[in-house]
Protein chains: 4
Amino acid sequence: MSTTVAPDPTRRNDGVRRAILSAAIDQVGEVGYAKLTIERIAKSAGVGKQTIYRWWPSKGALFFDAFLDLAGDGEATALPDTGDLAADLKLVLDATIDELNNPRFDQAMRALHTEIVLDPALAAEYATRLDNPMRDIKKARLRTAQEAGQLAEDVDLEVAVDLVWGPILNRWLHRTAPLTSEYAHQVVDTALRGLAPRVS
Amino acid sequence: MSTTVAPDPTRRNDGVRRAILSAAIDQVGEVGYAKLTIERIAKSAGVGKQTIYRWWPSKGALFFDAFLDLAGDGEATALPDTGDLAADLKLVLDATIDELNNPRFDQAMRALHTEIVLDPALAAEYATRLDNPMRDIKKARLRTAQEAGQLAEDVDLEVAVDLVWGPILNRWLHRTAPLTSEYAHQVVDTALRGLAPRVS
Amino acid sequence: MSTTVAPDPTRRNDGVRRAILSAAIDQVGEVGYAKLTIERIAKSAGVGKQTIYRWWPSKGALFFDAFLDLAGDGEATALPDTGDLAADLKLVLDATIDELNNPRFDQAMRALHTEIVLDPALAAEYATRLDNPMRDIKKARLRTAQEAGQLAEDVDLEVAVDLVWGPILNRWLHRTAPLTSEYAHQVVDTALRGLAPRVS
Amino acid sequence: MSTTVAPDPTRRNDGVRRAILSAAIDQVGEVGYAKLTIERIAKSAGVGKQTIYRWWPSKGALFFDAFLDLAGDGEATALPDTGDLAADLKLVLDATIDELNNPRFDQAMRALHTEIVLDPALAAEYATRLDNPMRDIKKARLRTAQEAGQLAEDVDLEVAVDLVWGPILNRWLHRTAPLTSEYAHQVVDTALRGLAPRVS
DNA sequence: TCTTAACCGAGACGGTACGTCGGGTCTTATC
DNA sequence: GATAAGACCCGACGTACCGTCTCGGTTAAGA
């Protein structure tokens, strides 16, 4: 018999919720994820600690929500389609790179990845709510290209997506080298063309 | 000008050092990186906390050293070269996948990535001591292939490495899907051949 | 101007406060003042360390409060007055000696003296809250005696108090010799009569 | 079977011993007894910690020796004797008060008392080496006075000593009020004359 | 309209871990 | 073999946050 009852979502004060989420993002930008504490978020949001614990089970979960809020929870619906696959991919990657190079977004995104890498449950939710929808959109664009004969028929779209976006994400995560538009374009061209020489 | 003086490394007890490093790896495997504390490492290694703080500035730095110790700090010298690039790459990736699917190594590797993603200084050291040497080895193998006409002459080896290893690392980090040998082979084949259809 | 704000005393849990004070006295009796630590008091009281640090700035201040609590913070109001000064003083000193020979009280009292001897601020508070009230009570009894012609008119009561109680306290503090009723009676008789011979 | 052997006192380096003792007194004056540490004494004396632990079992014991060294270990042999007991006592007490009002000596003396009050073993040694010799000297002077008819024949000299010196020591320890020459003289006069009125 | 139940700010509380200080022991190199 | 230096294990320090818990106050149903 538990005395703790799930809070009634209908009574939730949405202004408070938004204040907490945005405070979380703000504070990550200011002190980084390692020094981000519930107490700091509460103080920055002008909120009692208990209000946070009432609605979120952990810092990771709260931050995850905050990130979804920031990222706009699946607002994009389709990738551009001009008929030129390479150009479209480069356009999309350039936009992604801009985002990743925005310090506020960069910090938040890194924090999210930290949580995801260590917590399989969060990783699953991340996949469901953000990654899979995005993958579907990407695959949709590739499928169109495939149908238009711009992609080999036997290419696995899952692998194709990884081939294009994987290198970008990795370079950003590991800071192997500056993440530039040139690099992205090279990745697209190389992926499309393949590493092996043309037979001629 | 700092008042804290670096301890004299010649007086360091190496048995103690090794006990700490291996305790760090052990405990990450047992409780995960989030619950890994200096106090726990100290107790598990049968060592005073101060002894840890004397030689490492942070949990991250200690764990980094522990990982280097585990990974053997650049012991590999070259990738296999049977003349068949695709087969050689698949062989190497299979070994990598085995390693990543080993729970002890998996946990340690994830912990390392967590630290690296958030700490640029550690990322730089990681690049210098582990990633760059490995990249050099990979590029060496690809260069041989290129000279043998198995790789297009105008392919940037840096990009080529990313194209092959990036997808593997990402799938592992994000647990997008199980990391299997089949997937790795697909990645190799697709990267070599390219996404675009052969002109014939 | 300090950034640390004093906690709100109205929110204080008095049960916790009493548990801490009595744990402090208990533990001094068990291990002595030198080995008395905040951590030990906290554990013995079933309390977090922070709760102690929230309300007391130091071990000395805490112990001082604990002693006040034990000593009853000025509960006595007057010395007995049977008209026979010597007898009354002997009665009072006998009671004091009993108290000082009670191990529990002895330990606590010694600890208090240790702090007072080294810390002028605590000494001042001790004077205000315990010593001065007691001196006033003692002086009141002596004044009555003086008015009744049992004390020389020109005797300074401050000095008179010191002459009677000083030797007792010193013998106890320094363990010069066992603190007995006989000694106390001798002190009273000698102080009243004086060292010099009667002129006859 | 113990591997630790008592050090050979004949090999002791006396310069080192004196450096340690004087460093102890110096540091008590600088930071007080509570913050006096073995490490601080060692550093201040330019000595290894082990050298201190080799010769003294505890901070208290070391400090005790240091104090003996400072106080001159029973150098005085007799109190002045001009034939006028009151005047002689006042002279001696004035000198004592000067000493107690000397900050360097005050700090050291307070530290010593702290140790003595809590540690019976040290109290016993203090009695044997410092207090009893001094008491003997005091009693010798009083005995002379007694033989000269300046002290009542039935006065216990032990009590007499306490009556004169007890109040002084207490006022100093507790800082009840400033320790002045006037006070000391009052004590002497009152002790000699007694509190009770002359019968006429 | 008036309870009344929940949210909310605030922050005390029992804990765990932090990073530091010093205790006392032991080892190494020097004299 | 005594010494200076300092690494080592250990225990306590005083602080920061954790997650839980009351405490008033306010706010929005429902009787």
# chains A, B, ... in the order shown; residues from 1 in each chain; ligands from 1

$ residues_around --residues "Thr176 of chain B" --least-positions-apart "3" --cutoff "9 Å" --atoms "only C-alpha atoms (C1' of nucleotides)" --output "VMD selection string"
(chain A and resid 123 to 124 127 131 to 132) or (chain B and resid 170 to 173 179)

$ write_last_selection --atoms "N, CA, C and O atoms" --output "PDB file, in the first residue's frame"
ATOM      1  N   ALA A 123      17.848   5.937 -23.695  1.00  0.00           N
ATOM      2  CA  ALA A 123      18.214   5.753 -25.102  1.00  0.00           C
ATOM      3  C   ALA A 123      16.997   5.258 -25.892  1.00  0.00           C
ATOM      4  O   ALA A 123      16.735   5.723 -27.010  1.00  0.00           O
ATOM      5  N   ALA A 124      16.256   4.337 -25.284  1.00  0.00           N
ATOM      6  CA  ALA A 124      15.074   3.816 -25.968  1.00  0.00           C
ATOM      7  C   ALA A 124      14.057   4.923 -26.198  1.00  0.00           C
ATOM      8  O   ALA A 124      13.465   5.051 -27.278  1.00  0.00           O
ATOM      9  N   ALA A 127      15.214   7.154 -28.876  1.00  0.00           N
ATOM     10  CA  ALA A 127      14.987   6.545 -30.189  1.00  0.00           C
ATOM     11  C   ALA A 127      13.534   6.736 -30.618  1.00  0.00           C
ATOM     12  O   ALA A 127      13.245   7.179 -31.738  1.00  0.00           O
ATOM     13  N   ASP A 131      14.875  10.090 -32.457  1.00  0.00           N
ATOM     14  CA  ASP A 131      15.749   9.530 -33.472  1.00  0.00           C
ATOM     15  C   ASP A 131      14.962   8.798 -34.556  1.00  0.00           C
ATOM     16  O   ASP A 131      15.169   9.052 -35.753  1.00  0.00           O
ATOM     17  N   ASN A 132      14.054   7.920 -34.183  1.00  0.00           N
ATOM     18  CA  ASN A 132      13.302   7.172 -35.183  1.00  0.00           C
ATOM     19  C   ASN A 132      12.494   8.080 -36.104  1.00  0.00           C
ATOM     20  O   ASN A 132      12.544   7.901 -37.335  1.00  0.00           O
TER      21      ASN A 132
ATOM     22  N   ASN B 170      28.563   4.728 -33.806  1.00  0.00           N
ATOM     23  CA  ASN B 170      27.282   5.356 -33.494  1.00  0.00           C
ATOM     24  C   ASN B 170      26.215   4.363 -33.081  1.00  0.00           C
ATOM     25  O   ASN B 170      25.466   4.604 -32.137  1.00  0.00           O
ATOM     26  N   ARG B 171      26.151   3.281 -33.819  1.00  0.00           N
ATOM     27  CA  ARG B 171      25.129   2.297 -33.471  1.00  0.00           C
ATOM     28  C   ARG B 171      25.383   1.749 -32.069  1.00  0.00           C
ATOM     29  O   ARG B 171      24.450   1.543 -31.304  1.00  0.00           O
ATOM     30  N   TRP B 172      26.652   1.582 -31.753  1.00  0.00           N
ATOM     31  CA  TRP B 172      26.982   1.091 -30.416  1.00  0.00           C
ATOM     32  C   TRP B 172      26.616   2.119 -29.342  1.00  0.00           C
ATOM     33  O   TRP B 172      25.947   1.812 -28.365  1.00  0.00           O
ATOM     34  N   LEU B 173      27.027   3.351 -29.579  1.00  0.00           N
ATOM     35  CA  LEU B 173      26.775   4.392 -28.582  1.00  0.00           C
ATOM     36  C   LEU B 173      25.290   4.573 -28.316  1.00  0.00           C
ATOM     37  O   LEU B 173      24.852   4.647 -27.175  1.00  0.00           O
ATOM     38  N   LEU B 179      24.380  -4.478 -32.363  1.00  0.00           N
ATOM     39  CA  LEU B 179      25.592  -4.317 -33.162  1.00  0.00           C
ATOM     40  C   LEU B 179      26.089  -5.703 -33.577  1.00  0.00           C
ATOM     41  O   LEU B 179      26.732  -6.407 -32.799  1.00  0.00           O
TER      42      LEU B 179
END

$ interface_residues --of "chain B" --to "chain E" --cutoff "10 Å" --atoms "only C-alpha atoms (C1' of nucleotides)" --output "MDAnalysis selection string"
chainID B and resid 11 37:40 49:50 53 58

$ write_last_selection --atoms "all heavy atoms" --output "PDB file, in the first residue's frame"
ATOM      1  N   ARG B  11      58.939   8.798  -6.358  1.00  0.00           N
ATOM      2  CA  ARG B  11      58.641   8.135  -5.094  1.00  0.00           C
ATOM      3  C   ARG B  11      57.355   7.332  -5.178  1.00  0.00           C
ATOM      4  O   ARG B  11      56.898   6.764  -4.201  1.00  0.00           O
ATOM      5  CB  ARG B  11      58.507   9.175  -3.987  1.00  0.00           C
ATOM      6  CG  ARG B  11      59.757  10.046  -3.875  1.00  0.00           C
ATOM      7  CD  ARG B  11      59.784  10.693  -2.541  1.00  0.00           C
ATOM      8  NE  ARG B  11      59.923   9.688  -1.528  1.00  0.00           N
ATOM      9  CZ  ARG B  11      60.691   9.832  -0.455  1.00  0.00           C
ATOM     10  NH1 ARG B  11      61.396  10.917  -0.299  1.00  0.00           N
ATOM     11  NH2 ARG B  11      60.752   8.891   0.454  1.00  0.00           N
ATOM     12  N   THR B  37      32.377   6.264  -7.521  1.00  0.00           N
ATOM     13  CA  THR B  37      32.882   7.379  -6.736  1.00  0.00           C
ATOM     14  C   THR B  37      34.344   7.136  -6.378  1.00  0.00           C
ATOM     15  O   THR B  37      34.805   5.998  -6.347  1.00  0.00           O
ATOM     16  CB  THR B  37      32.100   7.545  -5.433  1.00  0.00           C
ATOM     17  OG1 THR B  37      32.307   6.390  -4.607  1.00  0.00           O
ATOM     18  CG2 THR B  37      30.612   7.695  -5.690  1.00  0.00           C
ATOM     19  N   ILE B  38      35.023   8.224  -6.113  1.00  0.00           N
ATOM     20  CA  ILE B  38      36.420   8.113  -5.703  1.00  0.00           C
ATOM     21  C   ILE B  38      36.520   7.266  -4.441  1.00  0.00           C
ATOM     22  O   ILE B  38      37.414   6.424  -4.320  1.00  0.00           O
ATOM     23  CB  ILE B  38      37.011   9.510  -5.442  1.00  0.00           C
ATOM     24  CG1 ILE B  38      36.985  10.343  -6.728  1.00  0.00           C
ATOM     25  CG2 ILE B  38      38.417   9.400  -4.891  1.00  0.00           C
ATOM     26  CD1 ILE B  38      38.117  10.085  -7.656  1.00  0.00           C
ATOM     27  N   GLU B  39      35.596   7.491  -3.534  1.00  0.00           N
ATOM     28  CA  GLU B  39      35.616   6.751  -2.285  1.00  0.00           C
ATOM     29  C   GLU B  39      35.493   5.244  -2.531  1.00  0.00           C
ATOM     30  O   GLU B  39      36.169   4.431  -1.904  1.00  0.00           O
ATOM     31  CB  GLU B  39      34.471   7.222  -1.393  1.00  0.00           C
ATOM     32  CG  GLU B  39      34.919   7.530   0.008  1.00  0.00           C
ATOM     33  CD  GLU B  39      34.073   8.625   0.655  1.00  0.00           C
ATOM     34  OE1 GLU B  39      32.834   8.491   0.657  1.00  0.00           O
ATOM     35  OE2 GLU B  39      34.649   9.602   1.166  1.00  0.00           O
ATOM     36  N   ARG B  40      34.627   4.887  -3.452  1.00  0.00           N
ATOM     37  CA  ARG B  40      34.433   3.468  -3.758  1.00  0.00           C
ATOM     38  C   ARG B  40      35.692   2.877  -4.388  1.00  0.00           C
ATOM     39  O   ARG B  40      36.097   1.758  -4.061  1.00  0.00           O
ATOM     40  CB  ARG B  40      33.237   3.336  -4.718  1.00  0.00           C
ATOM     41  CG  ARG B  40      33.005   1.938  -5.222  1.00  0.00           C
ATOM     42  CD  ARG B  40      31.806   1.894  -6.156  1.00  0.00           C
ATOM     43  NE  ARG B  40      30.595   1.621  -5.436  1.00  0.00           N
ATOM     44  CZ  ARG B  40      30.085   0.403  -5.237  1.00  0.00           C
ATOM     45  NH1 ARG B  40      30.726  -0.665  -5.712  1.00  0.00           N
ATOM     46  NH2 ARG B  40      28.974   0.235  -4.582  1.00  0.00           N
ATOM     47  N   LYS B  49      41.909   7.782   0.135  1.00  0.00           N
ATOM     48  CA  LYS B  49      41.447   8.719  -0.889  1.00  0.00           C
ATOM     49  C   LYS B  49      42.551   9.670  -1.311  1.00  0.00           C
ATOM     50  O   LYS B  49      42.686  10.011  -2.490  1.00  0.00           O
ATOM     51  CB  LYS B  49      40.278   9.562  -0.334  1.00  0.00           C
ATOM     52  CG  LYS B  49      38.925   8.951  -0.508  1.00  0.00           C
ATOM     53  CD  LYS B  49      37.838   9.996  -0.444  1.00  0.00           C
ATOM     54  CE  LYS B  49      37.690  10.574   0.943  1.00  0.00           C
ATOM     55  NZ  LYS B  49      36.610  11.601   0.950  1.00  0.00           N
ATOM     56  N   GLN B  50      43.302  10.115  -0.324  1.00  0.00           N
ATOM     57  CA  GLN B  50      44.319  11.116  -0.608  1.00  0.00           C
ATOM     58  C   GLN B  50      45.327  10.613  -1.640  1.00  0.00           C
ATOM     59  O   GLN B  50      45.845  11.387  -2.439  1.00  0.00           O
ATOM     60  CB  GLN B  50      45.033  11.479   0.692  1.00  0.00           C
ATOM     61  CG  GLN B  50      45.966  12.657   0.570  1.00  0.00           C
ATOM     62  CD  GLN B  50      45.198  13.908   0.235  1.00  0.00           C
ATOM     63  OE1 GLN B  50      45.185  14.362  -0.891  1.00  0.00           O
ATOM     64  NE2 GLN B  50      44.525  14.471   1.214  1.00  0.00           N
ATOM     65  N   TYR B  53      43.838  11.395  -4.910  1.00  0.00           N
ATOM     66  CA  TYR B  53      43.855  12.821  -5.225  1.00  0.00           C
ATOM     67  C   TYR B  53      45.280  13.334  -5.427  1.00  0.00           C
ATOM     68  O   TYR B  53      45.490  14.351  -6.085  1.00  0.00           O
ATOM     69  CB  TYR B  53      43.167  13.613  -4.118  1.00  0.00           C
ATOM     70  CG  TYR B  53      41.668  13.494  -4.186  1.00  0.00           C
ATOM     71  CD1 TYR B  53      40.953  12.776  -3.236  1.00  0.00           C
ATOM     72  CD2 TYR B  53      40.946  14.090  -5.221  1.00  0.00           C
ATOM     73  CE1 TYR B  53      39.577  12.659  -3.297  1.00  0.00           C
ATOM     74  CE2 TYR B  53      39.575  13.975  -5.295  1.00  0.00           C
ATOM     75  CZ  TYR B  53      38.899  13.260  -4.329  1.00  0.00           C
ATOM     76  OH  TYR B  53      37.533  13.150  -4.415  1.00  0.00           O
ATOM     77  N   SER B  58      40.929  14.384 -11.068  1.00  0.00           N
ATOM     78  CA  SER B  58      39.480  14.183 -11.127  1.00  0.00           C
ATOM     79  C   SER B  58      39.165  12.731 -11.447  1.00  0.00           C
ATOM     80  O   SER B  58      40.033  11.977 -11.898  1.00  0.00           O
ATOM     81  CB  SER B  58      38.873  15.059 -12.222  1.00  0.00           C
ATOM     82  OG  SER B  58      39.317  14.595 -13.476  1.00  0.00           O
TER      83      SER B  58
END

$ atom_distance --atom1 "atom CA of Phe67 of chain D" --atom2 "atom CA of Arg17 of chain D"
13.3 Å

$ interface_residues --of "chain C" --to "chain D" --cutoff "6 Å" --atoms "only C-alpha atoms" --output "PyMOL selection string"
chain C and resi 114+117+150-152+162-163+166-167+173+191-197

$ write_last_selection --atoms "C-alpha atoms" --output "PDB file, in the first residue's frame"
ATOM      1  CA  THR C 114      38.955  23.338  27.927  1.00  0.00           C
ATOM      2  CA  VAL C 117      40.269  28.559  28.523  1.00  0.00           C
ATOM      3  CA  GLN C 150      29.221  37.752  60.260  1.00  0.00           C
ATOM      4  CA  LEU C 151      31.517  39.191  57.619  1.00  0.00           C
ATOM      5  CA  ALA C 152      33.917  42.086  57.985  1.00  0.00           C
ATOM      6  CA  ASP C 162      37.047  33.803  44.826  1.00  0.00           C
ATOM      7  CA  LEU C 163      38.647  32.942  48.141  1.00  0.00           C
ATOM      8  CA  GLY C 166      38.665  29.332  43.776  1.00  0.00           C
ATOM      9  CA  PRO C 167      40.602  26.695  45.706  1.00  0.00           C
ATOM     10  CA  LEU C 173      40.823  21.036  37.585  1.00  0.00           C
ATOM     11  CA  ALA C 191      38.994  31.703  54.581  1.00  0.00           C
ATOM     12  CA  LEU C 192      36.656  32.976  57.262  1.00  0.00           C
ATOM     13  CA  ARG C 193      39.252  33.017  59.986  1.00  0.00           C
ATOM     14  CA  GLY C 194      42.198  34.234  57.900  1.00  0.00           C
ATOM     15  CA  LEU C 195      45.738  33.004  57.769  1.00  0.00           C
ATOM     16  CA  ALA C 196      47.147  35.511  60.180  1.00  0.00           C
ATOM     17  CA  PRO C 197      47.034  34.761  63.900  1.00  0.00           C
TER      18      PRO C 197
END

$ closest_atom_pairs --of "chain F" --to "chain A" --cutoff "10 Å" --atoms "only C-alpha atoms (C1' of nucleotides)" --output "tab-separated table"
residue	atom	partner	partner_atom	distance
F:DA16	C1'	A:Thr37	CA	9.9
F:DC17	C1'	A:Glu39	CA	7.2
F:DC18	C1'	A:Ile38	CA	8.8
F:DG19	C1'	A:Tyr53	CA	8.1
F:DT20	C1'	A:Gln50	CA	8.9
F:DC21	C1'	A:Gln50	CA	9.8
F:DT27	C1'	A:Arg11	CA	9.7
F:DA28	C1'	A:Arg11	CA	8.1
F:DA29	C1'	A:Arg11	CA	9.5

$ write_last_selection --atoms "N, CA, C and O atoms (P, O5', C5', C4', C3', O3' and C1' of nucleotides)" --output "compact mmCIF listing (two decimals), in the first residue's frame"
# COMPACT_ATOMS: atom_id res chain seq x y z
P DA F 16 28.93 25.00 0.02
O5' DA F 16 28.48 23.73 -0.82
C5' DA F 16 29.40 23.14 -1.70
C4' DA F 16 28.70 22.06 -2.49
C3' DA F 16 27.30 22.44 -2.97
O3' DA F 16 27.18 21.98 -4.31
C1' DA F 16 27.20 20.46 -1.67
P DC F 17 26.02 22.53 -5.27
O5' DC F 17 25.28 21.17 -5.61
C5' DC F 17 24.78 20.47 -4.54
C4' DC F 17 24.30 19.14 -4.98
C3' DC F 17 22.81 19.17 -5.29
O3' DC F 17 22.53 18.22 -6.33
C1' DC F 17 23.26 17.98 -3.24
P DC F 18 21.12 17.75 -6.79
O5' DC F 18 20.79 16.43 -5.98
C5' DC F 18 21.68 15.32 -6.11
C4' DC F 18 21.22 14.20 -5.20
C3' DC F 18 19.73 13.93 -5.28
O3' DC F 18 19.50 12.69 -5.93
C1' DC F 18 20.47 14.12 -3.00
P DG F 19 18.23 12.44 -6.78
O5' DG F 19 17.13 12.19 -5.65
C5' DG F 19 17.17 10.95 -4.95
C4' DG F 19 16.26 11.01 -3.75
C3' DG F 19 14.79 11.32 -4.06
O3' DG F 19 13.98 10.44 -3.32
C1' DG F 19 15.58 12.78 -2.42
P DT F 20 12.43 10.50 -3.21
O5' DT F 20 12.18 10.96 -1.69
C5' DT F 20 12.81 10.23 -0.66
C4' DT F 20 12.36 10.78 0.69
C3' DT F 20 10.85 10.99 0.82
O3' DT F 20 10.45 10.42 2.06
C1' DT F 20 11.98 12.99 1.37
P DC F 21 8.85 10.34 2.43
O5' DC F 21 8.64 11.68 3.28
C5' DC F 21 9.20 11.79 4.59
C4' DC F 21 9.01 13.20 5.09
C3' DC F 21 7.65 13.83 4.84
O3' DC F 21 6.63 13.36 5.74
C1' DC F 21 9.42 15.41 4.51
P DT F 27 -3.45 32.85 -5.90
O5' DT F 27 -3.32 31.77 -7.09
C5' DT F 27 -2.75 30.50 -6.85
C4' DT F 27 -3.64 29.38 -7.41
C3' DT F 27 -4.92 29.82 -8.13
O3' DT F 27 -5.14 28.91 -9.19
C1' DT F 27 -5.49 28.37 -6.41
P DA F 28 -5.97 29.23 -10.46
O5' DA F 28 -6.99 28.00 -10.52
C5' DA F 28 -6.47 26.69 -10.79
C4' DA F 28 -7.45 25.66 -10.32
C3' DA F 28 -8.84 25.74 -10.97
O3' DA F 28 -9.26 24.43 -11.29
C1' DA F 28 -9.05 25.76 -8.64
P DA F 29 -10.36 24.14 -12.33
O5' DA F 29 -11.69 24.28 -11.46
C5' DA F 29 -12.65 23.26 -11.51
C4' DA F 29 -12.22 22.02 -10.74
C3' DA F 29 -13.38 21.15 -10.31
O3' DA F 29 -13.06 19.77 -10.32
C1' DA F 29 -12.43 22.29 -8.42

$ residues_around --residues "Asp94 of chain D" --least-positions-apart "2" --cutoff "9 Å" --atoms "only C-alpha atoms (C1' of nucleotides)" --output "PyMOL selection string"
chain D and resi 89-92+96-99+180-181+184-185

$ write_last_selection --atoms "N, CA, C and O atoms" --output "PDB file, in the first residue's frame"
ATOM      1  N   LEU D  89      54.523  38.187  49.436  1.00  0.00           N
ATOM      2  CA  LEU D  89      53.528  37.519  48.584  1.00  0.00           C
ATOM      3  C   LEU D  89      53.089  38.438  47.446  1.00  0.00           C
ATOM      4  O   LEU D  89      52.970  38.015  46.298  1.00  0.00           O
ATOM      5  N   LYS D  90      52.859  39.672  47.766  1.00  0.00           N
ATOM      6  CA  LYS D  90      52.427  40.624  46.721  1.00  0.00           C
ATOM      7  C   LYS D  90      53.493  40.747  45.630  1.00  0.00           C
ATOM      8  O   LYS D  90      53.177  40.798  44.445  1.00  0.00           O
ATOM      9  N   LEU D  91      54.723  40.756  46.041  1.00  0.00           N
ATOM     10  CA  LEU D  91      55.830  40.841  45.088  1.00  0.00           C
ATOM     11  C   LEU D  91      55.804  39.638  44.141  1.00  0.00           C
ATOM     12  O   LEU D  91      55.901  39.778  42.917  1.00  0.00           O
ATOM     13  N   VAL D  92      55.662  38.482  44.737  1.00  0.00           N
ATOM     14  CA  VAL D  92      55.676  37.258  43.937  1.00  0.00           C
ATOM     15  C   VAL D  92      54.474  37.211  42.988  1.00  0.00           C
ATOM     16  O   VAL D  92      54.600  36.894  41.802  1.00  0.00           O
ATOM     17  N   THR D  96      54.124  36.939  38.892  1.00  0.00           N
ATOM     18  CA  THR D  96      53.318  35.917  38.233  1.00  0.00           C
ATOM     19  C   THR D  96      52.335  36.549  37.245  1.00  0.00           C
ATOM     20  O   THR D  96      52.159  36.094  36.112  1.00  0.00           O
ATOM     21  N   ILE D  97      51.699  37.617  37.702  1.00  0.00           N
ATOM     22  CA  ILE D  97      50.717  38.303  36.846  1.00  0.00           C
ATOM     23  C   ILE D  97      51.386  38.865  35.600  1.00  0.00           C
ATOM     24  O   ILE D  97      50.840  38.784  34.493  1.00  0.00           O
ATOM     25  N   ASP D  98      52.564  39.408  35.767  1.00  0.00           N
ATOM     26  CA  ASP D  98      53.289  39.915  34.595  1.00  0.00           C
ATOM     27  C   ASP D  98      53.510  38.794  33.584  1.00  0.00           C
ATOM     28  O   ASP D  98      53.310  38.976  32.377  1.00  0.00           O
ATOM     29  N   GLU D  99      53.894  37.661  34.094  1.00  0.00           N
ATOM     30  CA  GLU D  99      54.146  36.514  33.240  1.00  0.00           C
ATOM     31  C   GLU D  99      52.862  36.099  32.506  1.00  0.00           C
ATOM     32  O   GLU D  99      52.848  35.879  31.288  1.00  0.00           O
ATOM     33  N   THR D 180      44.821  42.041  37.643  1.00  0.00           N
ATOM     34  CA  THR D 180      45.653  43.210  37.983  1.00  0.00           C
ATOM     35  C   THR D 180      46.382  43.003  39.296  1.00  0.00           C
ATOM     36  O   THR D 180      46.040  42.143  40.105  1.00  0.00           O
ATOM     37  N   SER D 181      47.357  43.858  39.480  1.00  0.00           N
ATOM     38  CA  SER D 181      48.128  43.864  40.718  1.00  0.00           C
ATOM     39  C   SER D 181      47.202  44.184  41.899  1.00  0.00           C
ATOM     40  O   SER D 181      47.310  43.579  42.970  1.00  0.00           O
ATOM     41  N   ALA D 184      45.406  41.155  43.098  1.00  0.00           N
ATOM     42  CA  ALA D 184      46.303  40.245  43.804  1.00  0.00           C
ATOM     43  C   ALA D 184      46.548  40.737  45.232  1.00  0.00           C
ATOM     44  O   ALA D 184      46.515  39.960  46.192  1.00  0.00           O
ATOM     45  N   HIS D 185      46.762  42.034  45.361  1.00  0.00           N
ATOM     46  CA  HIS D 185      47.020  42.568  46.692  1.00  0.00           C
ATOM     47  C   HIS D 185      45.803  42.397  47.601  1.00  0.00           C
ATOM     48  O   HIS D 185      45.921  42.029  48.783  1.00  0.00           O
TER      49      HIS D 185
END

$ select_by_dssp --residues "segment 43-158 of chain D" --states "alpha helix (DSSP H)" --output "PyMOL selection string"
chain D and resi 43-45+49-55+59-71+85-100+103-118+120-126+132-147+157-158

$ atom_distance --atom1 "atom CA of Glu30 of chain A" --atom2 "atom CA of Leu70 of chain A"
16.1 Å

$ atom_distance --atom1 "atom C1' of DA7 of chain F" --atom2 "atom CA of Ala71 of chain B"
27.9 Å

$ closest_residue --among "D:Leu100, D:Ala19, D:Ala61, D:Ala76" --to "Ala42 of chain D" --atoms "only C-alpha atoms"
D:Ala19
